[in-house]
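What follows is a single structure, written as structure tokens, with notes after it.
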Amino acid sequence: MGLLLVAASGLCFGILPIFNRQAAALGLGVPTFLAVRFLVAGGALWAWLALRGPRARLRGGQVAGFAGMGLLYVVESGLYFASSRRIPVALTALLLYLYPVLVALWEWLAGRHRLEGRDRVALAASLLGTALAVGSPGRGTDALGLAMGLATAFGYTAYMLLGARLQKGVPALVASAWIMGTAGVLYLALALAAHRWEPVLALKAWKPLLGLAVVGTLLPIPMLLAGMARIGAARASVVSTLEPLGACLFGALFLGELLRPWQWLGAALILGAVVLLSAERSAEEPLAER
């Protein structure tokens, strides 16, 4: 069940950039797009919890932690969606999947894990894969889009590590409601402060917004948290590689974006590094729960 939950979550996340591009074509900016995403999804979760959801009493530190995850999600999702409007969606998704290597490096710097032979091979493979993937990314690529895609991996690393620690003993729906609710409020405040709140355009773009809120948020975030609680962050990171593969497929089907042969080689190296890192840790405790 844990594997299925994470796999389904990855495929749902893989289609997110398609909704993003559709909204961009209608003129909707990223702040309003993501404010509506999290407000709708977060509101639906809180309503479900009030009616039929699990009850959980959270300590003050846990509430603050999930609010911090919401802030991290604001940063990470903003970078991700801004990047995927500037470069091919498959490339943005691949850059995000540098995060398992960053997790391994963090563990090494924190003195919790030694970089053995397999870790070093994975690190080299991910670096080479990134170089191949971005070396000649093709039409529509720019330096800022690439930089934002790389920064997404750092934000998601922090999100995953914190999430695996806080999720223990907390129902996935409760954690998701706090995270998405915080993200929605923060994005709304950001949009209003920057004078980029666009409700008229949001109504015009209701179809991609609905897909974003339901298929790309309300379903995959609780599934990821629930699946990660069952199989751990290490195994979850392997199964989640369906996300960039799904993004490649959806980008080709709906946007006509095709990776070049050396980019496919880079993708294989990046995803292979994820598998190498996670296979080594599969018999251990999840990284973020130590």
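So you can find residues: chains in the structure tokens are A, B, ... in the order shown, residues in each start at 1, and ligands are numbered from 1 in order.
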
Selection near Pro220 in chain A, 8 Å with only C-alpha atoms, sequence-local residues under 3 positions removed, as a PDB file with N, CA, C and O atoms, in the first residue's frame:
ATOM      1  N   ALA A   8       1.325   6.635  -7.003  1.00  0.00           N
ATOM      2  CA  ALA A   8       0.213   7.456  -7.474  1.00  0.00           C
ATOM      3  C   ALA A   8       0.483   8.940  -7.226  1.00  0.00           C
ATOM      4  O   ALA A   8       0.182   9.795  -8.068  1.00  0.00           O
ATOM      5  N   SER A   9       1.093   9.236  -6.091  1.00  0.00           N
ATOM      6  CA  SER A   9       1.451  10.619  -5.787  1.00  0.00           C
ATOM      7  C   SER A   9       2.433  11.176  -6.818  1.00  0.00           C
ATOM      8  O   SER A   9       2.282  12.293  -7.299  1.00  0.00           O
ATOM      9  N   GLY A  10       3.435  10.370  -7.170  1.00  0.00           N
ATOM     10  CA  GLY A  10       4.425  10.818  -8.143  1.00  0.00           C
ATOM     11  C   GLY A  10       3.821  11.125  -9.495  1.00  0.00           C
ATOM     12  O   GLY A  10       4.166  12.130 -10.133  1.00  0.00           O
ATOM     13  N   CYS A  12       0.693  11.980 -10.084  1.00  0.00           N
ATOM     14  CA  CYS A  12      -0.115  13.192  -9.951  1.00  0.00           C
ATOM     15  C   CYS A  12       0.757  14.444  -9.985  1.00  0.00           C
ATOM     16  O   CYS A  12       0.425  15.435 -10.652  1.00  0.00           O
ATOM     17  N   PHE A  13       1.875  14.407  -9.280  1.00  0.00           N
ATOM     18  CA  PHE A  13       2.786  15.552  -9.299  1.00  0.00           C
ATOM     19  C   PHE A  13       3.366  15.763 -10.696  1.00  0.00           C
ATOM     20  O   PHE A  13       3.677  16.894 -11.086  1.00  0.00           O
ATOM     21  N   VAL A 215      -6.159  17.115  -8.608  1.00  0.00           N
ATOM     22  CA  VAL A 215      -5.229  16.085  -9.094  1.00  0.00           C
ATOM     23  C   VAL A 215      -3.801  16.364  -8.635  1.00  0.00           C
ATOM     24  O   VAL A 215      -3.043  15.443  -8.321  1.00  0.00           O
ATOM     25  N   GLY A 216      -3.435  17.643  -8.594  1.00  0.00           N
ATOM     26  CA  GLY A 216      -2.054  17.976  -8.300  1.00  0.00           C
ATOM     27  C   GLY A 216      -1.752  18.339  -6.863  1.00  0.00           C
ATOM     28  O   GLY A 216      -0.592  18.579  -6.526  1.00  0.00           O
ATOM     29  N   THR A 217      -2.765  18.393  -6.002  1.00  0.00           N
ATOM     30  CA  THR A 217      -2.523  18.812  -4.621  1.00  0.00           C
ATOM     31  C   THR A 217      -3.305  17.977  -3.618  1.00  0.00           C
ATOM     32  O   THR A 217      -2.731  17.319  -2.755  1.00  0.00           O
ATOM     33  N   MET A 223      -1.210  11.393  -0.027  1.00  0.00           N
ATOM     34  CA  MET A 223      -0.735  10.070  -0.432  1.00  0.00           C
ATOM     35  C   MET A 223       0.771   9.944  -0.214  1.00  0.00           C
ATOM     36  O   MET A 223       1.257   8.899   0.239  1.00  0.00           O
ATOM     37  N   LEU A 224       1.519  11.007  -0.509  1.00  0.00           N
ATOM     38  CA  LEU A 224       2.958  10.962  -0.301  1.00  0.00           C
ATOM     39  C   LEU A 224       3.298  10.827   1.172  1.00  0.00           C
ATOM     40  O   LEU A 224       4.126  10.002   1.570  1.00  0.00           O
TER      41      LEU A 224
END

Checklist entry - Between CA of Leu144 in chain A and CA of Asn20 in chain A, what is the distance, to one decimal in Å? => result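 Taking CA of Leu144 in chain A and CA of Asn20 in chain A, their separation equals 17.7 Å.
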
Next on the checklist: If DSSP is run on the backbone, what residues of range 52-204 of chain A are alpha helix (DSSP H)? A reply as an MDAnalysis selection string would be ideal.
Outcome noted: chainID A and resid 60:84 89:96 99:109 117:135 143:167 172:193 199:204

Could you write out the selected residues, including C-alpha atoms, as a compact mmCIF listing (two decimals), in the first residue's frame?
# COMPACT_ATOMS: atom_id res chain seq x y z
CA GLY A 60 2.84 23.66 19.88
CA GLY A 61 6.14 22.52 18.45
CA GLN A 62 4.38 20.23 15.97
CA VAL A 63 2.07 23.01 14.81
CA ALA A 64 5.07 25.30 14.34
CA GLY A 65 6.87 22.54 12.47
CA PHE A 66 4.01 21.94 10.04
CA ALA A 67 3.66 25.69 9.56
CA GLY A 68 7.37 25.74 8.74
CA MET A 69 6.76 22.99 6.19
CA GLY A 70 4.06 25.18 4.68
CA LEU A 71 6.58 28.00 4.35
CA LEU A 72 9.09 25.63 2.75
CA TYR A 73 6.39 24.48 0.36
CA VAL A 74 5.71 28.09 -0.61
CA VAL A 75 9.36 28.58 -1.54
CA GLU A 76 9.78 25.21 -3.25
CA SER A 77 6.52 25.28 -5.23
CA GLY A 78 7.02 28.89 -6.28
CA LEU A 79 10.45 28.10 -7.68
CA TYR A 80 9.18 24.93 -9.34
CA PHE A 81 6.27 26.57 -11.14
CA ALA A 82 8.25 29.65 -12.14
CA SER A 83 10.98 27.38 -13.52
CA SER A 84 8.57 25.18 -15.46
CA VAL A 89 8.75 20.78 -17.82
CA ALA A 90 10.70 17.51 -17.91
CA LEU A 91 13.94 19.38 -17.18
CA THR A 92 12.46 21.16 -14.16
CA ALA A 93 11.21 17.84 -12.81
CA LEU A 94 14.61 16.20 -13.32
CA LEU A 95 16.43 19.00 -11.51
CA LEU A 96 14.08 18.57 -8.57
CA TYR A 99 17.27 16.12 -3.71
CA PRO A 100 18.18 12.53 -2.68
CA VAL A 101 21.86 13.32 -3.33
CA LEU A 102 21.48 16.51 -1.30
CA VAL A 103 19.92 14.47 1.52
CA ALA A 104 22.93 12.13 1.47
CA LEU A 105 25.33 15.09 1.55
CA TRP A 106 23.43 16.62 4.48
CA GLU A 107 23.62 13.36 6.40
CA TRP A 108 27.36 13.21 5.73
CA LEU A 109 27.92 16.81 6.84
CA GLY A 117 31.61 3.76 -2.57
CA ARG A 118 27.98 3.55 -3.65
CA ASP A 119 27.30 7.06 -2.34
CA ARG A 120 30.23 8.45 -4.30
CA VAL A 121 29.10 6.72 -7.48
CA ALA A 122 25.60 8.13 -7.01
CA LEU A 123 26.97 11.62 -6.40
CA ALA A 124 29.13 11.47 -9.53
CA ALA A 125 26.24 10.08 -11.58
CA SER A 126 23.87 12.81 -10.44
CA LEU A 127 26.37 15.57 -11.21
CA LEU A 128 27.16 14.14 -14.64
CA GLY A 129 23.46 13.59 -15.30
CA THR A 130 22.67 17.19 -14.41
CA ALA A 131 25.42 18.44 -16.72
CA LEU A 132 24.01 16.36 -19.59
CA ALA A 133 20.42 17.38 -18.89
CA VAL A 134 21.09 21.12 -18.82
CA GLY A 135 24.03 21.24 -21.21
CA ALA A 143 19.68 30.59 -17.09
CA LEU A 144 17.15 31.90 -14.56
CA GLY A 145 14.81 28.98 -15.21
CA LEU A 146 17.66 26.54 -14.67
CA ALA A 147 18.75 28.29 -11.46
CA MET A 148 15.22 28.16 -10.08
CA GLY A 149 14.96 24.48 -10.99
CA LEU A 150 18.17 23.73 -9.11
CA ALA A 151 17.03 25.76 -6.11
CA THR A 152 13.84 23.69 -6.02
CA ALA A 153 15.92 20.62 -5.16
CA PHE A 154 17.39 22.36 -2.11
CA GLY A 155 13.96 23.46 -0.89
CA TYR A 156 12.50 20.00 -1.33
CA THR A 157 15.42 18.43 0.53
CA ALA A 158 14.59 20.48 3.61
CA TYR A 159 10.87 19.74 3.19
CA MET A 160 11.37 15.98 3.00
CA LEU A 161 13.74 15.83 5.97
CA LEU A 162 11.46 17.90 8.16
CA GLY A 163 8.35 16.06 6.96
CA ALA A 164 9.69 12.61 7.78
CA ARG A 165 10.48 13.74 11.33
CA LEU A 166 7.18 15.51 12.02
CA GLN A 167 4.94 12.96 10.30
CA ALA A 172 -1.35 12.24 7.09
CA LEU A 173 -4.54 14.25 6.52
CA VAL A 174 -3.91 16.37 9.63
CA ALA A 175 -0.34 17.12 8.58
CA SER A 176 -1.44 17.94 5.02
CA ALA A 177 -4.18 20.28 6.24
CA TRP A 178 -1.71 22.30 8.30
CA ILE A 179 0.86 22.41 5.49
CA MET A 180 -1.56 23.37 2.72
CA GLY A 181 -3.52 25.79 4.87
CA THR A 182 -0.33 27.63 5.84
CA ALA A 183 0.87 27.69 2.23
CA GLY A 184 -2.47 29.05 1.02
CA VAL A 185 -2.54 31.91 3.53
CA LEU A 186 1.07 32.81 2.80
CA TYR A 187 0.53 32.81 -0.97
CA LEU A 188 -2.59 34.94 -0.64
CA ALA A 189 -0.68 37.45 1.51
CA LEU A 190 2.17 37.45 -1.01
CA ALA A 191 -0.17 38.00 -3.96
CA LEU A 192 -1.96 40.86 -2.20
CA ALA A 193 1.27 42.51 -1.04
CA PRO A 199 -9.45 36.78 -9.15
CA VAL A 200 -10.92 37.62 -12.57
CA LEU A 201 -8.19 35.70 -14.38
CA ALA A 202 -8.53 32.90 -11.85
CA LEU A 203 -12.19 32.48 -12.82
CA LYS A 204 -11.17 32.38 -16.46

Next on the checklist: Between CA of Leu28 in chain A and CA of Ala41 in chain A, what is the distance in Å, rounded to a tenth?
Outcome noted: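 Calculated distance between CA of Leu28 in chain A and CA of Ala41 in chain A is 18.4 Å.
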
Checklist entry - What is the distance between CA of Pro244 in chain A and CA of Ala23 in chain A, in Å to one decimal? => result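 Between CA of Pro244 in chain A and CA of Ala23 in chain A the gap is 20.4 Å.
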